[in-house]
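**Student:** This is the content of work-v8.pdb (PDB, C-alpha atoms):
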```
ATOM      1  CA  MET A   1       0.000   0.000   0.000
ATOM      2  CA  VAL A   2       1.392   3.390  -1.040
ATOM      3  CA  GLN A   3       1.042   6.104   1.586
ATOM      4  CA  ARG A   4       0.516   9.624   0.306
ATOM      5  CA  ILE A   5       2.427  12.456   1.896
ATOM      6  CA  LYS A   6       0.009  14.994   3.295
ATOM      7  CA  SER A   7       1.028  18.488   2.374
ATOM      8  CA  ALA A   8      -0.728  20.891   4.731
ATOM      9  CA  SER A   9      -2.733  21.250   7.906
ATOM     10  CA  ILE A  10      -6.288  22.585   7.707
ATOM     11  CA  LEU A  11      -8.587  23.612  10.562
ATOM     12  CA  VAL A  12     -12.368  23.443  10.059
ATOM     13  CA  VAL A  13     -14.427  25.513  12.508
ATOM     14  CA  ASP A  14     -18.183  24.905  12.256
ATOM     15  CA  ASP A  15     -20.895  24.033  14.784
ATOM     16  CA  ASP A  16     -22.529  21.661  12.279
ATOM     17  CA  LEU A  17     -21.039  18.164  12.621
ATOM     18  CA  GLY A  18     -22.136  17.328   9.063
ATOM     19  CA  VAL A  19     -20.156  20.215   7.588
ATOM     20  CA  ARG A  20     -17.061  19.407   9.659
ATOM     21  CA  GLU A  21     -17.161  15.741   8.665
ATOM     22  CA  SER A  22     -17.917  16.535   4.994
ATOM     23  CA  LEU A  23     -14.906  18.823   4.728
ATOM     24  CA  LYS A  24     -12.770  16.308   6.595
ATOM     25  CA  MET A  25     -13.812  13.505   4.194
ATOM     26  CA  ILE A  26     -13.182  15.695   1.136
ATOM     27  CA  LEU A  27      -9.726  16.803   2.295
ATOM     28  CA  MET A  28      -8.308  13.951   4.381
ATOM     29  CA  ASP A  29      -6.582  12.172   1.473
ATOM     30  CA  LYS A  30      -4.268  15.127   0.807
ATOM     31  CA  TYR A  31      -4.227  17.169   4.014
ATOM     32  CA  TYR A  32      -4.156  16.892   7.798
ATOM     33  CA  VAL A  33      -7.603  18.064   8.885
ATOM     34  CA  SER A  34      -8.546  19.024  12.423
ATOM     35  CA  THR A  35     -11.933  20.306  13.471
ATOM     36  CA  ALA A  36     -13.495  22.537  16.098
ATOM     37  CA  SER A  37     -17.174  22.913  16.894
ATOM     38  CA  ASN A  38     -16.859  26.379  18.447
ATOM     39  CA  ILE A  39     -14.498  29.321  18.698
ATOM     40  CA  GLU A  40     -13.079  28.277  22.077
ATOM     41  CA  GLU A  41     -12.037  24.902  20.621
ATOM     42  CA  ALA A  42     -10.551  26.694  17.621
ATOM     43  CA  ILE A  43      -8.505  29.012  19.851
ATOM     44  CA  ASN A  44      -7.196  26.016  21.808
ATOM     45  CA  SER A  45      -6.359  24.246  18.546
ATOM     46  CA  LEU A  46      -4.458  27.303  17.299
ATOM     47  CA  LYS A  47      -2.325  27.200  20.453
ATOM     48  CA  VAL A  48      -1.203  23.676  19.567
ATOM     49  CA  ILE A  49      -0.736  23.870  15.809
ATOM     50  CA  GLU A  50      -0.713  26.641  13.244
ATOM     51  CA  PRO A  51      -2.730  25.452  10.262
ATOM     52  CA  GLU A  52      -1.937  26.573   6.723
ATOM     53  CA  LEU A  53      -5.649  27.197   6.074
ATOM     54  CA  ILE A  54      -8.821  27.699   8.119
ATOM     55  CA  PHE A  55     -12.423  27.065   7.075
ATOM     56  CA  LEU A  56     -14.631  29.173   9.368
ATOM     57  CA  ASP A  57     -18.412  29.269   9.617
ATOM     58  CA  ILE A  58     -19.826  32.791   9.751
ATOM     59  CA  LYS A  59     -22.446  31.878  12.351
ATOM     60  CA  ILE A  60     -21.283  29.403  14.998
ATOM     61  CA  SER A  61     -24.134  28.844  17.473
ATOM     62  CA  LYS A  62     -24.378  32.189  19.271
ATOM     63  CA  GLU A  63     -20.850  33.254  18.313
ATOM     64  CA  ASN A  64     -19.861  35.409  15.371
ATOM     65  CA  GLY A  65     -17.315  33.903  12.987
ATOM     66  CA  LEU A  66     -16.594  37.344  11.514
ATOM     67  CA  ASP A  67     -15.326  38.580  14.892
ATOM     68  CA  PHE A  68     -13.075  35.536  15.141
ATOM     69  CA  LEU A  69     -11.881  36.187  11.564
ATOM     70  CA  LYS A  70     -10.770  39.681  12.608
ATOM     71  CA  GLN A  71      -8.924  38.196  15.583
ATOM     72  CA  ILE A  72      -7.180  35.591  13.404
ATOM     73  CA  HIS A  73      -6.279  38.206  10.819
ATOM     74  CA  SER A  74      -4.731  40.497  13.439
ATOM     75  CA  ASP A  75      -2.846  37.698  15.245
ATOM     76  CA  LYS A  76      -1.845  35.394  12.372
ATOM     77  CA  SER A  77      -2.437  37.364   9.195
ATOM     78  CA  ASN A  78      -0.562  34.864   7.031
ATOM     79  CA  ILE A  79      -3.203  32.129   7.448
ATOM     80  CA  PRO A  80      -5.840  32.257   4.694
ATOM     81  CA  VAL A  81      -9.386  31.952   6.068
ATOM     82  CA  VAL A  82     -12.264  30.678   3.945
ATOM     83  CA  MET A  83     -15.641  31.720   5.303
ATOM     84  CA  ILE A  84     -18.553  29.255   5.121
ATOM     85  CA  THR A  85     -22.219  30.204   5.215
ATOM     86  CA  ALA A  86     -25.644  28.700   4.623
ATOM     87  CA  PHE A  87     -27.259  32.136   4.497
ATOM     88  CA  PRO A  88     -25.381  34.183   1.902
ATOM     89  CA  SER A  89     -25.796  37.905   1.521
ATOM     90  CA  SER A  90     -23.743  40.441  -0.324
ATOM     91  CA  GLN A  91     -23.274  42.493   2.859
ATOM     92  CA  THR A  92     -21.917  39.466   4.741
ATOM     93  CA  ALA A  93     -19.540  38.680   1.891
ATOM     94  CA  ILE A  94     -18.291  42.279   1.764
ATOM     95  CA  THR A  95     -17.767  42.319   5.534
ATOM     96  CA  ALA A  96     -15.912  39.004   5.380
ATOM     97  CA  PHE A  97     -13.543  40.189   2.648
ATOM     98  CA  ARG A  98     -12.959  43.533   4.367
ATOM     99  CA  SER A  99     -12.128  41.617   7.552
ATOM    100  CA  GLY A 100      -9.456  39.597   5.767
ATOM    101  CA  ALA A 101     -11.219  36.494   4.417
ATOM    102  CA  PHE A 102      -9.433  34.767   1.550
ATOM    103  CA  ASP A 103     -12.627  33.309   0.073
ATOM    104  CA  TYR A 104     -16.314  32.764   0.787
ATOM    105  CA  ILE A 105     -18.270  29.583   0.091
ATOM    106  CA  ILE A 106     -21.937  28.734   0.378
ATOM    107  CA  LYS A 107     -23.342  25.515   1.858
ATOM    108  CA  PRO A 108     -23.898  23.025   0.339
ATOM    109  CA  PHE A 109     -20.588  22.911  -1.515
ATOM    110  CA  GLU A 110     -19.053  20.653  -4.143
ATOM    111  CA  PRO A 111     -15.852  18.673  -3.435
ATOM    112  CA  SER A 112     -14.235  20.059  -6.603
ATOM    113  CA  GLU A 113     -14.982  23.604  -5.395
ATOM    114  CA  ILE A 114     -13.326  22.829  -2.052
ATOM    115  CA  HIS A 115     -10.199  21.369  -3.679
ATOM    116  CA  THR A 116      -9.879  24.387  -5.985
ATOM    117  CA  ILE A 117     -10.216  26.836  -3.095
ATOM    118  CA  VAL A 118      -7.701  24.931  -0.954
ATOM    119  CA  GLU A 119      -5.131  24.831  -3.755
ATOM    120  CA  ARG A 120      -5.567  28.563  -4.450
ATOM    121  CA  ALA A 121      -5.345  29.451  -0.755
ATOM    122  CA  LEU A 122      -2.224  27.363  -0.171
ATOM    123  CA  GLN A 123      -0.604  28.798  -3.314
ATOM    124  CA  HIS A 124      -1.445  32.304  -2.079
ATOM    125  CA  ARG A 125       0.082  31.525   1.330
ATOM    126  CA  THR A 126       3.271  30.224  -0.303
ATOM    127  CA  GLU A 127       3.546  33.290  -2.550
ATOM    128  CA  SER A 128       2.905  35.592   0.413
ATOM    129  CA  TYR A 129       5.598  33.815   2.445
ATOM    130  CA  GLU A 130       8.076  34.125  -0.443
ATOM    131  CA  LYS A 131       7.317  37.850  -0.813
ATOM    132  CA  ASP A 132       7.797  38.391   2.919
ATOM    133  CA  LYS A 133      11.113  36.533   2.779
ATOM    134  CA  LEU A 134      12.246  38.599  -0.206
ATOM    135  CA  MET A 135      11.265  41.847   1.527
ATOM    136  CA  TYR A 136      13.150  40.802   4.666
ATOM    137  CA  ASN A 137      16.278  40.000   2.611
ATOM    138  CA  LEU A 138      16.030  43.322   0.767
ATOM    139  CA  ARG A 139      15.671  45.247   4.027
ATOM    140  CA  MET A 140      18.693  43.457   5.464
ATOM    141  CA  ALA A 141      20.749  44.231   2.320
ATOM    142  CA  ILE A 142      19.754  47.917   2.482
ATOM    143  CA  HIS A 143      20.593  48.018   6.184
ATOM    144  CA  LYS A 144      23.983  46.418   5.545
ATOM    145  CA  ASN A 145      24.737  48.779   2.638
ATOM    146  CA  PHE A 146      23.732  51.821   4.703
ATOM    147  CA  PHE A 147      26.139  50.927   7.496
ATOM    148  CA  SER A 148      28.925  50.036   5.057
ATOM    149  CA  THR A 149      28.502  53.381   3.294
ATOM    150  CA  THR A 150      28.419  55.264   6.597
ATOM    151  CA  GLU A 151      31.545  53.478   7.788
ATOM    152  CA  SER A 152      33.329  54.277   4.504
ATOM    153  CA  LEU A 153      32.397  57.968   4.813
ATOM    154  CA  LEU A 154      33.671  58.058   8.398
ATOM    155  CA  LEU A 155      36.969  56.440   7.343
ATOM    156  CA  ALA A 156      37.305  58.959   4.493
ATOM    157  CA  ILE A 157      36.690  61.865   6.871
ATOM    158  CA  ASP A 158      39.193  60.470   9.391
ATOM    159  CA  ALA A 159      41.810  59.979   6.658
ATOM    160  CA  LYS A 160      41.415  63.568   5.414
ATOM    161  CA  ASP A 161      41.254  65.232   8.836
ATOM    162  CA  SER A 162      42.946  63.202  11.529
TER     163      SER A 162
END
```
If you convert what's in this file into structure tokens, what do you get?
**Tutor:**
Amino acid sequence: MVQRIKSASILVVDDDLGVRESLKMILMDKYYVSTASNIEEAINSLKVIEPELIFLDIKISKENGLDFLKQIHSDKSNIPVVMITAFPSSQTAITAFRSGAFDYIIKPFEPSEIHTIVERALQHRTESYEKDKLMYNLRMAIHKNFFSTTESLLLAIDAKDS
């Protein structure tokens, strides 16, 4: 039996067991999938492992998924969050995207739609990580060049006027 290497960790946060299990079944062949039935469980899960992607229900029992999205986006802005809803509205979608959602899907969903979204989100995360790494390296090079130039100017001044 050939064992596939799982490429990423995904957290599914939804109060509906059917949705959690559906997403888990769709994704478990390629990804590590953990689930949470409420925001408290999700917070505890985030303390243990940082997933590469989060699926988050907009309405979780009496809790608001959009508030949790804002918290995730401020704490761990590099994790793409896909919002899930059974009651779509344009205002909810706009609020989700303005709060930092990567995508927005409507229940019921198709497995092919889920795989496409996951691949896009993970690609986006990789590209974002690479850009951040490039920016860090550029800042370090500029910093190094600034100090080298300053040191050279100081040596030139000292050589001219001891």
**Student:** Determine the nearest neighbour of A:Tyr31 from the options A:Val118, A:Ile60, A:Val48, A:Ala159, counting only C-alpha atoms.
**Tutor:** A:Val118
**Student:** List the spatial neighbours of A:Ile39 as a list in words - criterion: any atom at most 10 Å away, all atoms listed in the file, same-chain residues fewer than 6 positions off excluded.
**Tutor:**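 Surrounding residues, per the criterion: Val13, Asp14, Asp15, Ser45, Leu56, Asp57, Ile60, Ser61, Glu63, Asn64, Gly65 and Phe68 of chain A.
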**Student:** Here's the selection I'm unsure about, the PyMOL selection byres ((chain A and resi 100) around 9); applied to the file above, which residues does it give, as an mmCIF file with C-alpha atoms, keeping the file's coordinate frame?
**Tutor:**
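Just written: out09.cif:
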```
data_model
loop_
_atom_site.group_PDB
_atom_site.id
_atom_site.type_symbol
_atom_site.label_atom_id
_atom_site.label_comp_id
_atom_site.auth_asym_id
_atom_site.auth_seq_id
_atom_site.Cartn_x
_atom_site.Cartn_y
_atom_site.Cartn_z
ATOM 1 C CA LEU A 69 -11.881 36.187 11.564
ATOM 2 C CA LYS A 70 -10.770 39.681 12.608
ATOM 3 C CA ILE A 72 -7.180 35.591 13.404
ATOM 4 C CA HIS A 73 -6.279 38.206 10.819
ATOM 5 C CA SER A 77 -2.437 37.364 9.195
ATOM 6 C CA PRO A 80 -5.840 32.257 4.694
ATOM 7 C CA VAL A 81 -9.386 31.952 6.068
ATOM 8 C CA THR A 95 -17.767 42.319 5.534
ATOM 9 C CA ALA A 96 -15.912 39.004 5.380
ATOM 10 C CA PHE A 97 -13.543 40.189 2.648
ATOM 11 C CA ARG A 98 -12.959 43.533 4.367
ATOM 12 C CA SER A 99 -12.128 41.617 7.552
ATOM 13 C CA ALA A 101 -11.219 36.494 4.417
ATOM 14 C CA PHE A 102 -9.433 34.767 1.550
#
```
**Student:** Closest to A:Gln71 among A:Gln91, A:Glu119, A:Asn137, A:Ala42, using only C-alpha atoms?
**Tutor:** A:Ala42
**Student:** Within 12 Å of (-5.7, 32.1, -0.4), all atoms listed in the file: residues as a PDB file with C-alpha atoms, in the frame of the given file?
**Tutor:**
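As written to disk, part_1.pdb reads:
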```
ATOM      1  CA  GLU A  52      -1.937  26.573   6.723  1.00  0.00           C
ATOM      2  CA  LEU A  53      -5.649  27.197   6.074  1.00  0.00           C
ATOM      3  CA  ILE A  54      -8.821  27.699   8.119  1.00  0.00           C
ATOM      4  CA  PHE A  55     -12.423  27.065   7.075  1.00  0.00           C
ATOM      5  CA  SER A  77      -2.437  37.364   9.195  1.00  0.00           C
ATOM      6  CA  ASN A  78      -0.562  34.864   7.031  1.00  0.00           C
ATOM      7  CA  ILE A  79      -3.203  32.129   7.448  1.00  0.00           C
ATOM      8  CA  PRO A  80      -5.840  32.257   4.694  1.00  0.00           C
ATOM      9  CA  VAL A  81      -9.386  31.952   6.068  1.00  0.00           C
ATOM     10  CA  VAL A  82     -12.264  30.678   3.945  1.00  0.00           C
ATOM     11  CA  MET A  83     -15.641  31.720   5.303  1.00  0.00           C
ATOM     12  CA  PHE A  97     -13.543  40.189   2.648  1.00  0.00           C
ATOM     13  CA  GLY A 100      -9.456  39.597   5.767  1.00  0.00           C
ATOM     14  CA  ALA A 101     -11.219  36.494   4.417  1.00  0.00           C
ATOM     15  CA  PHE A 102      -9.433  34.767   1.550  1.00  0.00           C
ATOM     16  CA  ASP A 103     -12.627  33.309   0.073  1.00  0.00           C
ATOM     17  CA  TYR A 104     -16.314  32.764   0.787  1.00  0.00           C
ATOM     18  CA  THR A 116      -9.879  24.387  -5.985  1.00  0.00           C
ATOM     19  CA  ILE A 117     -10.216  26.836  -3.095  1.00  0.00           C
ATOM     20  CA  VAL A 118      -7.701  24.931  -0.954  1.00  0.00           C
ATOM     21  CA  GLU A 119      -5.131  24.831  -3.755  1.00  0.00           C
ATOM     22  CA  ARG A 120      -5.567  28.563  -4.450  1.00  0.00           C
ATOM     23  CA  ALA A 121      -5.345  29.451  -0.755  1.00  0.00           C
ATOM     24  CA  LEU A 122      -2.224  27.363  -0.171  1.00  0.00           C
ATOM     25  CA  GLN A 123      -0.604  28.798  -3.314  1.00  0.00           C
ATOM     26  CA  HIS A 124      -1.445  32.304  -2.079  1.00  0.00           C
ATOM     27  CA  ARG A 125       0.082  31.525   1.330  1.00  0.00           C
ATOM     28  CA  THR A 126       3.271  30.224  -0.303  1.00  0.00           C
ATOM     29  CA  GLU A 127       3.546  33.290  -2.550  1.00  0.00           C
ATOM     30  CA  SER A 128       2.905  35.592   0.413  1.00  0.00           C
ATOM     31  CA  TYR A 129       5.598  33.815   2.445  1.00  0.00           C
TER      32      TYR A 129
END
```
**Student:** Could you list, as an NGL selection string, every residue within 12 Å of A:Met28, counting all atoms listed in the file and ignoring same-chain residues fewer than 6 positions away?
**Tutor:** :A and (4-12 or 20-22 or 34-35 or 111 or 115)
**Student:** Which is closer to A:Ile49 than all the others in A:Leu17, A:Leu23, A:Val33, A:Leu155, using all atoms listed in the file?
**Tutor:**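 Under the stated criterion, the closest residue is A:Val33.
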**Student:** A:Glu50, A:Asp67, A:Glu110, A:Glu151: which is nearest A:Ile26, counting only C-alpha atoms?
**Tutor:**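 Under the stated criterion, the closest residue is A:Glu110.
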**Student:** Please return, as a ChimeraX atom specification, all polymer residues that have at least one atom within 6 Å of the point (-25.0, 28.7, 4.2); use all atoms listed in the file and the file's own coordinate frame.
**Tutor:** /A:85-88,106-107
**Student:** Just the number, please: distance in Å from atom CA of A:Asp16 to atom CA of A:Ala36, one decimal.
**Tutor:** 9.8 Å
**Student:** Could you check how far atom CA of A:Glu113 sits from atom CA of A:Glu130, in Å to one decimal?
**Tutor:**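 Computing it gives 25.8 Å between the two atoms.
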**Student:** Between atom CA of A:Phe109 and atom CA of A:Glu41, what distance in Å does the model show, to one decimal?
**Tutor:**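 Atom CA of A:Glu41 lies at a distance of 23.8 Å from atom CA of A:Phe109.
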**Student:** Taking only C-alpha atoms into account, which of A:Ile114, A:Ser74, A:Asp158, A:Pro51 comes nearest A:Lys24?
**Tutor:** A:Ile114
